[in-house]
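Pasting query21.cif here (mmCIF, N, CA and C atoms):
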```
data_final
#
loop_
_atom_site.label_atom_id
_atom_site.label_comp_id
_atom_site.auth_asym_id
_atom_site.auth_seq_id
_atom_site.Cartn_x
_atom_site.Cartn_y
_atom_site.Cartn_z
N MET S 1 -66.23 49.51 189.86
CA MET S 1 -65.93 48.10 189.73
C MET S 1 -67.17 47.37 189.24
N PRO S 2 -67.07 46.57 188.16
CA PRO S 2 -68.24 45.87 187.63
C PRO S 2 -68.78 44.86 188.62
N GLU S 3 -70.08 44.67 188.57
CA GLU S 3 -70.74 43.72 189.45
C GLU S 3 -70.40 42.29 189.00
N ALA S 4 -70.08 41.44 189.94
CA ALA S 4 -69.78 40.04 189.61
C ALA S 4 -71.08 39.35 189.22
N ARG S 5 -71.00 38.52 188.17
CA ARG S 5 -72.19 37.82 187.76
C ARG S 5 -72.14 36.39 188.24
N GLY S 6 -73.30 35.81 188.41
CA GLY S 6 -73.41 34.44 188.87
C GLY S 6 -73.24 33.46 187.73
N ALA S 7 -73.37 32.20 188.06
CA ALA S 7 -73.25 31.12 187.08
C ALA S 7 -74.40 31.19 186.08
N PRO S 8 -74.14 30.88 184.81
CA PRO S 8 -75.20 30.95 183.80
C PRO S 8 -76.35 29.99 184.12
N GLN S 9 -77.56 30.47 183.84
CA GLN S 9 -78.78 29.69 184.04
C GLN S 9 -79.41 29.45 182.67
N ARG S 10 -79.64 28.19 182.31
CA ARG S 10 -80.26 27.91 181.00
C ARG S 10 -81.65 28.51 180.98
N LEU S 11 -81.95 29.20 179.89
CA LEU S 11 -83.26 29.82 179.73
C LEU S 11 -84.11 29.05 178.71
N CYS S 12 -83.56 28.85 177.50
CA CYS S 12 -84.33 28.17 176.45
C CYS S 12 -83.41 27.83 175.29
N ALA S 13 -83.93 27.08 174.34
CA ALA S 13 -83.22 26.85 173.09
C ALA S 13 -83.31 28.12 172.26
N SER S 14 -82.27 28.43 171.52
CA SER S 14 -82.25 29.63 170.68
C SER S 14 -83.46 29.68 169.74
N ALA S 15 -83.86 28.54 169.22
CA ALA S 15 -84.97 28.47 168.26
C ALA S 15 -86.30 28.90 168.86
N GLU S 16 -86.41 28.93 170.19
CA GLU S 16 -87.66 29.34 170.83
C GLU S 16 -87.91 30.85 170.74
N LEU S 17 -86.88 31.60 170.37
CA LEU S 17 -87.02 33.06 170.29
C LEU S 17 -87.01 33.50 168.83
N ALA S 18 -88.19 33.76 168.30
CA ALA S 18 -88.32 34.24 166.92
C ALA S 18 -88.03 35.74 166.88
N GLU S 19 -87.50 36.21 165.78
CA GLU S 19 -87.20 37.63 165.61
C GLU S 19 -88.46 38.47 165.84
N ARG S 20 -88.38 39.36 166.85
CA ARG S 20 -89.48 40.26 167.23
C ARG S 20 -90.79 39.50 167.46
N GLY S 21 -90.64 38.29 168.00
CA GLY S 21 -91.81 37.45 168.30
C GLY S 21 -92.15 37.52 169.78
N ASP S 22 -92.91 36.53 170.22
CA ASP S 22 -93.27 36.46 171.63
C ASP S 22 -92.03 36.21 172.47
N ALA S 23 -92.09 36.67 173.70
CA ALA S 23 -90.98 36.51 174.64
C ALA S 23 -91.05 35.15 175.32
N VAL S 24 -89.92 34.72 175.82
CA VAL S 24 -89.86 33.58 176.73
C VAL S 24 -89.85 34.18 178.14
N LEU S 25 -90.80 33.75 178.96
CA LEU S 25 -90.91 34.23 180.34
C LEU S 25 -90.14 33.31 181.27
N PHE S 26 -89.59 33.89 182.34
CA PHE S 26 -88.93 33.08 183.35
C PHE S 26 -89.03 33.74 184.72
N ASP S 27 -88.98 32.91 185.75
CA ASP S 27 -89.11 33.39 187.13
C ASP S 27 -87.75 33.68 187.72
N VAL S 28 -87.68 34.76 188.49
CA VAL S 28 -86.47 35.14 189.20
C VAL S 28 -86.86 35.62 190.60
N LEU S 29 -85.85 35.85 191.41
CA LEU S 29 -86.03 36.56 192.68
C LEU S 29 -85.37 37.92 192.51
N GLN S 30 -86.15 38.98 192.63
CA GLN S 30 -85.63 40.35 192.55
C GLN S 30 -85.63 40.90 193.96
N TRP S 31 -84.47 41.17 194.50
CA TRP S 31 -84.30 41.62 195.89
C TRP S 31 -84.96 40.63 196.86
N GLY S 32 -84.84 39.34 196.52
CA GLY S 32 -85.37 38.28 197.38
C GLY S 32 -86.86 38.01 197.22
N GLN S 33 -87.53 38.75 196.34
CA GLN S 33 -88.97 38.59 196.13
C GLN S 33 -89.24 37.97 194.76
N PRO S 34 -90.25 37.09 194.65
CA PRO S 34 -90.57 36.48 193.35
C PRO S 34 -90.93 37.55 192.31
N ALA S 35 -90.44 37.37 191.12
CA ALA S 35 -90.72 38.29 190.01
C ALA S 35 -90.62 37.52 188.71
N ARG S 36 -91.14 38.12 187.65
CA ARG S 36 -91.06 37.52 186.32
C ARG S 36 -90.07 38.33 185.49
N ALA S 37 -89.48 37.66 184.54
CA ALA S 37 -88.57 38.32 183.59
C ALA S 37 -88.92 37.78 182.21
N PHE S 38 -88.35 38.41 181.18
CA PHE S 38 -88.64 37.96 179.82
C PHE S 38 -87.44 38.19 178.92
N ALA S 39 -87.36 37.37 177.89
CA ALA S 39 -86.30 37.49 176.89
C ALA S 39 -86.95 37.57 175.51
N LEU S 40 -86.38 38.44 174.66
CA LEU S 40 -86.85 38.64 173.29
C LEU S 40 -85.67 38.58 172.34
N ARG S 41 -85.93 38.26 171.07
CA ARG S 41 -84.90 38.37 170.04
C ARG S 41 -85.20 39.64 169.25
N ILE S 42 -84.24 40.57 169.26
CA ILE S 42 -84.39 41.86 168.59
C ILE S 42 -83.18 42.06 167.68
N ASP S 43 -83.42 42.20 166.38
CA ASP S 43 -82.36 42.40 165.40
C ASP S 43 -81.27 41.33 165.53
N GLY S 44 -81.71 40.09 165.74
CA GLY S 44 -80.79 38.97 165.80
C GLY S 44 -80.12 38.74 167.14
N ARG S 45 -80.35 39.63 168.09
CA ARG S 45 -79.71 39.55 169.41
C ARG S 45 -80.76 39.30 170.48
N VAL S 46 -80.41 38.50 171.48
CA VAL S 46 -81.32 38.23 172.59
C VAL S 46 -81.11 39.30 173.66
N VAL S 47 -82.23 39.86 174.14
CA VAL S 47 -82.22 40.81 175.25
C VAL S 47 -83.17 40.29 176.32
N ALA S 48 -82.93 40.64 177.57
CA ALA S 48 -83.81 40.20 178.66
C ALA S 48 -83.97 41.32 179.67
N TYR S 49 -85.16 41.39 180.23
CA TYR S 49 -85.51 42.43 181.20
C TYR S 49 -86.40 41.85 182.28
N LEU S 50 -86.40 42.52 183.42
CA LEU S 50 -87.37 42.23 184.46
C LEU S 50 -88.73 42.67 183.93
N ASN S 51 -89.75 41.89 184.13
CA ASN S 51 -91.10 42.22 183.67
C ASN S 51 -91.75 43.18 184.67
N ARG S 52 -91.22 44.39 184.67
CA ARG S 52 -91.69 45.40 185.62
C ARG S 52 -91.54 46.77 184.98
N CYS S 53 -92.64 47.46 184.81
CA CYS S 53 -92.63 48.79 184.20
C CYS S 53 -91.89 49.79 185.09
N ALA S 54 -91.16 50.70 184.46
CA ALA S 54 -90.45 51.74 185.22
C ALA S 54 -91.42 52.78 185.78
N HIS S 55 -92.59 52.90 185.21
CA HIS S 55 -93.59 53.87 185.66
C HIS S 55 -94.28 53.39 186.93
N VAL S 56 -94.88 52.22 186.86
CA VAL S 56 -95.54 51.58 187.99
C VAL S 56 -95.04 50.14 188.01
N PRO S 57 -94.54 49.66 189.13
CA PRO S 57 -93.93 48.32 189.15
C PRO S 57 -94.95 47.20 189.00
N THR S 58 -95.44 47.03 187.77
CA THR S 58 -96.40 45.99 187.45
C THR S 58 -95.92 45.24 186.21
N GLU S 59 -96.40 44.01 186.05
CA GLU S 59 -96.04 43.25 184.85
C GLU S 59 -96.64 43.92 183.62
N MET S 60 -95.93 43.86 182.50
CA MET S 60 -96.26 44.67 181.34
C MET S 60 -96.92 43.94 180.19
N ASP S 61 -96.82 42.61 180.10
CA ASP S 61 -97.28 41.93 178.89
C ASP S 61 -98.81 41.98 178.74
N TRP S 62 -99.23 42.10 177.47
CA TRP S 62 -100.65 42.15 177.10
C TRP S 62 -101.29 40.79 177.38
N GLN S 63 -100.64 39.77 176.91
CA GLN S 63 -100.95 38.36 177.14
C GLN S 63 -99.60 37.75 177.49
N PRO S 64 -99.57 36.57 178.10
CA PRO S 64 -98.26 36.00 178.46
C PRO S 64 -97.28 35.98 177.28
N GLY S 65 -96.15 36.66 177.46
CA GLY S 65 -95.10 36.70 176.45
C GLY S 65 -95.27 37.73 175.36
N GLN S 66 -96.34 38.51 175.40
CA GLN S 66 -96.59 39.51 174.36
C GLN S 66 -96.32 40.91 174.91
N PHE S 67 -95.19 41.47 174.46
CA PHE S 67 -94.73 42.77 174.95
C PHE S 67 -94.65 43.83 173.87
N LEU S 68 -94.57 43.43 172.61
CA LEU S 68 -94.30 44.37 171.53
C LEU S 68 -95.59 44.99 171.01
N ASP S 69 -95.47 46.23 170.51
CA ASP S 69 -96.61 46.92 169.92
C ASP S 69 -97.02 46.22 168.62
N SER S 70 -98.10 46.68 168.00
CA SER S 70 -98.62 46.00 166.81
C SER S 70 -97.64 46.00 165.63
N GLU S 71 -96.75 47.00 165.58
CA GLU S 71 -95.73 47.04 164.52
C GLU S 71 -94.47 46.27 164.90
N ARG S 72 -94.45 45.76 166.14
CA ARG S 72 -93.31 44.99 166.68
C ARG S 72 -92.02 45.81 166.72
N GLN S 73 -92.17 47.10 167.02
CA GLN S 73 -91.03 48.00 167.10
C GLN S 73 -90.62 48.32 168.53
N PHE S 74 -91.58 48.39 169.45
CA PHE S 74 -91.32 48.82 170.81
C PHE S 74 -91.96 47.89 171.83
N ILE S 75 -91.35 47.82 173.02
CA ILE S 75 -91.97 47.16 174.16
C ILE S 75 -92.95 48.17 174.75
N VAL S 76 -94.18 47.73 174.98
CA VAL S 76 -95.20 48.64 175.51
C VAL S 76 -95.83 48.01 176.74
N CYS S 77 -95.94 48.80 177.80
CA CYS S 77 -96.62 48.35 179.02
C CYS S 77 -98.12 48.36 178.76
N SER S 78 -98.76 47.25 179.02
CA SER S 78 -100.20 47.13 178.76
C SER S 78 -101.04 47.94 179.73
N ILE S 79 -100.49 48.38 180.84
CA ILE S 79 -101.27 49.10 181.85
C ILE S 79 -101.44 50.58 181.51
N HIS S 80 -100.33 51.29 181.29
CA HIS S 80 -100.40 52.73 181.04
C HIS S 80 -99.77 53.17 179.72
N GLY S 81 -99.29 52.24 178.91
CA GLY S 81 -98.74 52.59 177.61
C GLY S 81 -97.32 53.10 177.61
N ALA S 82 -96.58 52.94 178.69
CA ALA S 82 -95.17 53.32 178.69
C ALA S 82 -94.46 52.53 177.58
N THR S 83 -93.60 53.20 176.82
CA THR S 83 -92.98 52.60 175.64
C THR S 83 -91.47 52.58 175.81
N TYR S 84 -90.85 51.44 175.48
CA TYR S 84 -89.42 51.24 175.68
C TYR S 84 -88.75 50.75 174.40
N GLU S 85 -87.50 51.19 174.19
CA GLU S 85 -86.67 50.64 173.11
C GLU S 85 -86.36 49.19 173.46
N PRO S 86 -86.64 48.25 172.58
CA PRO S 86 -86.36 46.86 172.93
C PRO S 86 -84.87 46.55 172.98
N GLU S 87 -84.05 47.30 172.26
CA GLU S 87 -82.60 47.04 172.26
C GLU S 87 -81.92 47.43 173.56
N THR S 88 -82.46 48.45 174.25
CA THR S 88 -81.79 48.98 175.44
C THR S 88 -82.66 49.00 176.70
N GLY S 89 -83.99 48.94 176.53
CA GLY S 89 -84.89 49.06 177.67
C GLY S 89 -85.14 50.50 178.09
N ARG S 90 -84.62 51.46 177.33
CA ARG S 90 -84.79 52.89 177.67
C ARG S 90 -86.18 53.35 177.31
N CYS S 91 -86.80 54.14 178.19
CA CYS S 91 -88.12 54.71 177.95
C CYS S 91 -88.05 55.70 176.80
N VAL S 92 -88.97 55.57 175.85
CA VAL S 92 -89.01 56.50 174.72
C VAL S 92 -90.37 57.17 174.58
N GLY S 93 -91.30 56.87 175.47
CA GLY S 93 -92.60 57.52 175.40
C GLY S 93 -93.52 57.08 176.52
N GLY S 94 -94.48 57.93 176.81
CA GLY S 94 -95.45 57.60 177.85
C GLY S 94 -94.99 58.01 179.23
N PRO S 95 -95.64 57.49 180.26
CA PRO S 95 -95.41 57.95 181.63
C PRO S 95 -94.15 57.44 182.31
N CYS S 96 -93.26 56.78 181.59
CA CYS S 96 -92.06 56.23 182.24
C CYS S 96 -90.92 57.24 182.34
N GLY S 97 -91.11 58.45 181.82
CA GLY S 97 -90.11 59.51 181.96
C GLY S 97 -88.75 59.11 181.42
N ARG S 98 -87.73 59.29 182.23
CA ARG S 98 -86.37 58.92 181.84
C ARG S 98 -85.99 57.54 182.35
N GLY S 99 -86.99 56.76 182.74
CA GLY S 99 -86.74 55.43 183.30
C GLY S 99 -86.28 54.44 182.26
N ARG S 100 -85.95 53.27 182.74
CA ARG S 100 -85.57 52.17 181.85
C ARG S 100 -85.91 50.87 182.55
N LEU S 101 -86.03 49.84 181.74
CA LEU S 101 -86.29 48.51 182.27
C LEU S 101 -85.01 47.96 182.91
N VAL S 102 -85.18 47.08 183.87
CA VAL S 102 -84.04 46.43 184.52
C VAL S 102 -83.50 45.36 183.58
N VAL S 103 -82.26 45.53 183.16
CA VAL S 103 -81.61 44.60 182.23
C VAL S 103 -81.16 43.34 182.96
N ILE S 104 -81.38 42.21 182.32
CA ILE S 104 -80.84 40.94 182.80
C ILE S 104 -79.86 40.47 181.74
N GLU S 105 -78.65 40.24 182.14
CA GLU S 105 -77.60 39.84 181.19
C GLU S 105 -77.89 38.46 180.63
N VAL S 106 -77.79 38.35 179.31
CA VAL S 106 -78.02 37.07 178.63
C VAL S 106 -76.89 36.78 177.67
N GLU S 107 -76.77 35.51 177.33
CA GLU S 107 -75.77 35.06 176.37
C GLU S 107 -76.37 33.93 175.55
N GLU S 108 -76.08 33.94 174.27
CA GLU S 108 -76.53 32.88 173.39
C GLU S 108 -75.30 32.15 172.86
N ARG S 109 -75.29 30.82 173.06
CA ARG S 109 -74.16 30.03 172.56
C ARG S 109 -74.60 28.58 172.37
N ASP S 110 -74.03 27.97 171.35
CA ASP S 110 -74.28 26.55 171.07
C ASP S 110 -75.78 26.22 170.99
N GLY S 111 -76.57 27.13 170.42
CA GLY S 111 -78.00 26.88 170.24
C GLY S 111 -78.84 27.01 171.48
N GLU S 112 -78.27 27.60 172.53
CA GLU S 112 -78.99 27.77 173.80
C GLU S 112 -78.87 29.22 174.26
N VAL S 113 -79.85 29.66 175.07
CA VAL S 113 -79.82 31.00 175.67
C VAL S 113 -79.69 30.82 177.18
N TYR S 114 -78.79 31.60 177.77
CA TYR S 114 -78.53 31.56 179.21
C TYR S 114 -78.70 32.97 179.77
N TRP S 115 -79.14 33.05 181.02
CA TRP S 115 -79.15 34.34 181.70
C TRP S 115 -78.23 34.26 182.91
N TYR S 116 -77.74 35.42 183.32
CA TYR S 116 -76.78 35.49 184.41
C TYR S 116 -77.37 36.21 185.62
N PRO S 117 -77.36 35.56 186.77
CA PRO S 117 -77.80 36.24 188.00
C PRO S 117 -76.88 37.41 188.33
N SER S 118 -77.43 38.36 189.07
CA SER S 118 -76.67 39.51 189.55
C SER S 118 -76.89 39.62 191.06
N ARG S 119 -76.36 40.64 191.65
CA ARG S 119 -76.55 40.85 193.09
C ARG S 119 -78.04 40.97 193.41
N ASP S 120 -78.80 41.66 192.55
CA ASP S 120 -80.22 41.92 192.82
C ASP S 120 -81.16 40.87 192.23
N THR S 121 -80.76 40.21 191.17
CA THR S 121 -81.62 39.26 190.47
C THR S 121 -81.01 37.87 190.55
N GLN S 122 -81.73 36.98 191.23
CA GLN S 122 -81.22 35.64 191.48
C GLN S 122 -82.19 34.59 190.93
N PRO S 123 -81.69 33.38 190.68
CA PRO S 123 -82.58 32.30 190.23
C PRO S 123 -83.49 31.82 191.35
N VAL S 124 -84.61 31.26 190.94
CA VAL S 124 -85.53 30.64 191.88
C VAL S 124 -85.19 29.14 191.89
N PHE S 125 -84.82 28.64 193.02
CA PHE S 125 -84.50 27.22 193.13
C PHE S 125 -85.64 26.49 193.82
N PRO S 126 -85.99 25.31 193.31
CA PRO S 126 -87.10 24.55 193.92
C PRO S 126 -86.81 24.12 195.34
#
```

Would you mind giving the structure from this file in structure tokens?
Amino acid sequence: MPEARGAPQRLCASAELAERGDAVLFDVLQWGQPARAFALRIDGRVVAYLNRCAHVPTEMDWQPGQFLDSERQFIVCSIHGATYEPETGRCVGGPCGRGRLVVIEVEERDGEVYWYPSRDTQPVFP
């Protein structure tokens, strides 16, 4: 049975996500604990993941919002070099083995990007 998703949460304007550019970062609660997540535009589609390497649970960006390698082909963890397919979050090289990034469901409509909470990933409310 598919997991029920929560109400959409506005993330950003579509124009804020350039093709294979810097990510938009956002805060979430992962299993009730504060965590960061990020969204990227890859091949015209928005993808989002928890900012946590599958190898070692640490944030991966080189600088805030910078996740892609120099050729802008793969997401790379700045700590140990674990490499992920940006389209799927699947590990394709380095110490992450058969791991994958935690996917956060996103939707783009009417010039805006929204993310959807799940059982494990919830919005942070002030």

* **Ala37 in chain S surroundings by all atoms listed in the file, 7 Å radius, close-in-sequence under 5 positions cut, as a PyMOL selection string** => chain S and resi 24-28+48-52

* To do: Please evaluate the PyMOL selection byres (((chain S and resi 123 and name CA) around 8) and name CA) against the structure above and give the resulting residues as a VMD selection string.
  => chain S and resid 9 27 to 29 117 121 to 122 124 to 125

Any chance you could work out the residue set of the PyMOL selection byres ((chain S and resi 41) around 6) here, as a PDB file with N, CA and C atoms, in the frame of the given file?
```pdb
ATOM      1  N   LEU S  17     -86.880  31.600 170.370  1.00  0.00           N
ATOM      2  CA  LEU S  17     -87.020  33.060 170.290  1.00  0.00           C
ATOM      3  C   LEU S  17     -87.010  33.500 168.830  1.00  0.00           C
ATOM      4  N   ALA S  18     -88.190  33.760 168.300  1.00  0.00           N
ATOM      5  CA  ALA S  18     -88.320  34.240 166.920  1.00  0.00           C
ATOM      6  C   ALA S  18     -88.030  35.740 166.880  1.00  0.00           C
ATOM      7  N   GLU S  19     -87.500  36.210 165.780  1.00  0.00           N
ATOM      8  CA  GLU S  19     -87.200  37.630 165.610  1.00  0.00           C
ATOM      9  C   GLU S  19     -88.460  38.470 165.840  1.00  0.00           C
ATOM     10  N   ARG S  20     -88.380  39.360 166.850  1.00  0.00           N
ATOM     11  CA  ARG S  20     -89.480  40.260 167.230  1.00  0.00           C
ATOM     12  C   ARG S  20     -90.790  39.500 167.460  1.00  0.00           C
ATOM     13  N   GLY S  21     -90.640  38.290 168.000  1.00  0.00           N
ATOM     14  CA  GLY S  21     -91.810  37.450 168.300  1.00  0.00           C
ATOM     15  C   GLY S  21     -92.150  37.520 169.780  1.00  0.00           C
ATOM     16  N   ALA S  39     -87.360  37.370 177.890  1.00  0.00           N
ATOM     17  CA  ALA S  39     -86.300  37.490 176.890  1.00  0.00           C
ATOM     18  C   ALA S  39     -86.950  37.570 175.510  1.00  0.00           C
ATOM     19  N   LEU S  40     -86.380  38.440 174.660  1.00  0.00           N
ATOM     20  CA  LEU S  40     -86.850  38.640 173.290  1.00  0.00           C
ATOM     21  C   LEU S  40     -85.670  38.580 172.340  1.00  0.00           C
ATOM     22  N   ILE S  42     -84.240  40.570 169.260  1.00  0.00           N
ATOM     23  CA  ILE S  42     -84.390  41.860 168.590  1.00  0.00           C
ATOM     24  C   ILE S  42     -83.180  42.060 167.680  1.00  0.00           C
ATOM     25  N   ASP S  43     -83.420  42.200 166.380  1.00  0.00           N
ATOM     26  CA  ASP S  43     -82.360  42.400 165.400  1.00  0.00           C
ATOM     27  C   ASP S  43     -81.270  41.330 165.530  1.00  0.00           C
ATOM     28  N   GLY S  44     -81.710  40.090 165.740  1.00  0.00           N
ATOM     29  CA  GLY S  44     -80.790  38.970 165.800  1.00  0.00           C
ATOM     30  C   GLY S  44     -80.120  38.740 167.140  1.00  0.00           C
ATOM     31  N   ARG S  45     -80.350  39.630 168.090  1.00  0.00           N
ATOM     32  CA  ARG S  45     -79.710  39.550 169.410  1.00  0.00           C
ATOM     33  C   ARG S  45     -80.760  39.300 170.480  1.00  0.00           C
ATOM     34  N   VAL S  46     -80.410  38.500 171.480  1.00  0.00           N
ATOM     35  CA  VAL S  46     -81.320  38.230 172.590  1.00  0.00           C
ATOM     36  C   VAL S  46     -81.110  39.300 173.660  1.00  0.00           C
ATOM     37  N   VAL S  47     -82.230  39.860 174.140  1.00  0.00           N
ATOM     38  CA  VAL S  47     -82.220  40.810 175.250  1.00  0.00           C
ATOM     39  C   VAL S  47     -83.170  40.290 176.320  1.00  0.00           C
TER      40      VAL S  47
END
```

* DSSP strand (DSSP E) residues within chain S, as an NGL selection string -> :S and (9-13 or 24-30 or 33-42 or 45-50 or 75-76 or 83-84 or 91-93 or 106-109 or 112-115 or 121-123)

* Provide the atom N of Leu101 in chain S to atom N of His80 in chain S distance in Å, to one decimal place. =>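 Distance between the two atoms: 14.4 Å.
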
* Could you work out how far CA of His55 in chain S lies from atom N of Pro95 in chain S, giving the answer in Å with one decimal? ->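 One can read the atom N of Pro95 in chain S to CA of His55 in chain S distance as 6.8 Å.
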
* To do: List the residues sitting within 6 Å of (-89.2, 49.8, 181.2) in the file's frame, using only N, CA and C atoms, as a PyMOL selection string.
  => chain S and resi 52-54+84+89+91+99-102

* Asked: How would you write, as a ChimeraX atom specification, the residues chosen by the PyMOL selection byres (((chain S and resi 83 and name CA) around 8) and name CA) on this structure?
  -> /S:74-77,81-82,84-85,91-94,96

* To do: Choose the residue, out of S:Arg119, S:Glu105, S:Val113, S:Gln33, that has the smallest atom-to-atom separation from Cys12 in chain S; count all atoms listed in the file.
  =>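 So, comparing all the options, the nearest one is S:Val113.
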
* When you draw a straight line from atom C of Thr88 in chain S to atom N of Leu68 in chain S, how long is it in Å? -> 13.8 Å

* Structure fact -> Using only N, CA and C atoms, the residue out of S:Gly65, S:Ala7, S:Glu87, S:Trp115 with shortest distance to Asp22 in chain S is S:Gly65

* To do: Compare S:Ile79, S:Ala15, S:Val106, S:Ala23 by their minimum atom-to-atom distance to Pro64 in chain S, counting only C-alpha atoms, and give me the closest one.
  =>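 Distance minimum relative to Pro64 in chain S lands on S:Ala23.
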
Could the centre and edge lengths of an axis-aligned box, enclosing all atoms of range 65-80 of chain S in the file with 6 Å extra on each side, be given in Å to one decimal as lines of an AutoDock Vina configuration file?
```
center_x = -96.0
center_y = 44.9
center_z = 173.2
size_x = 22.8
size_y = 28.5
size_z = 29.3
```
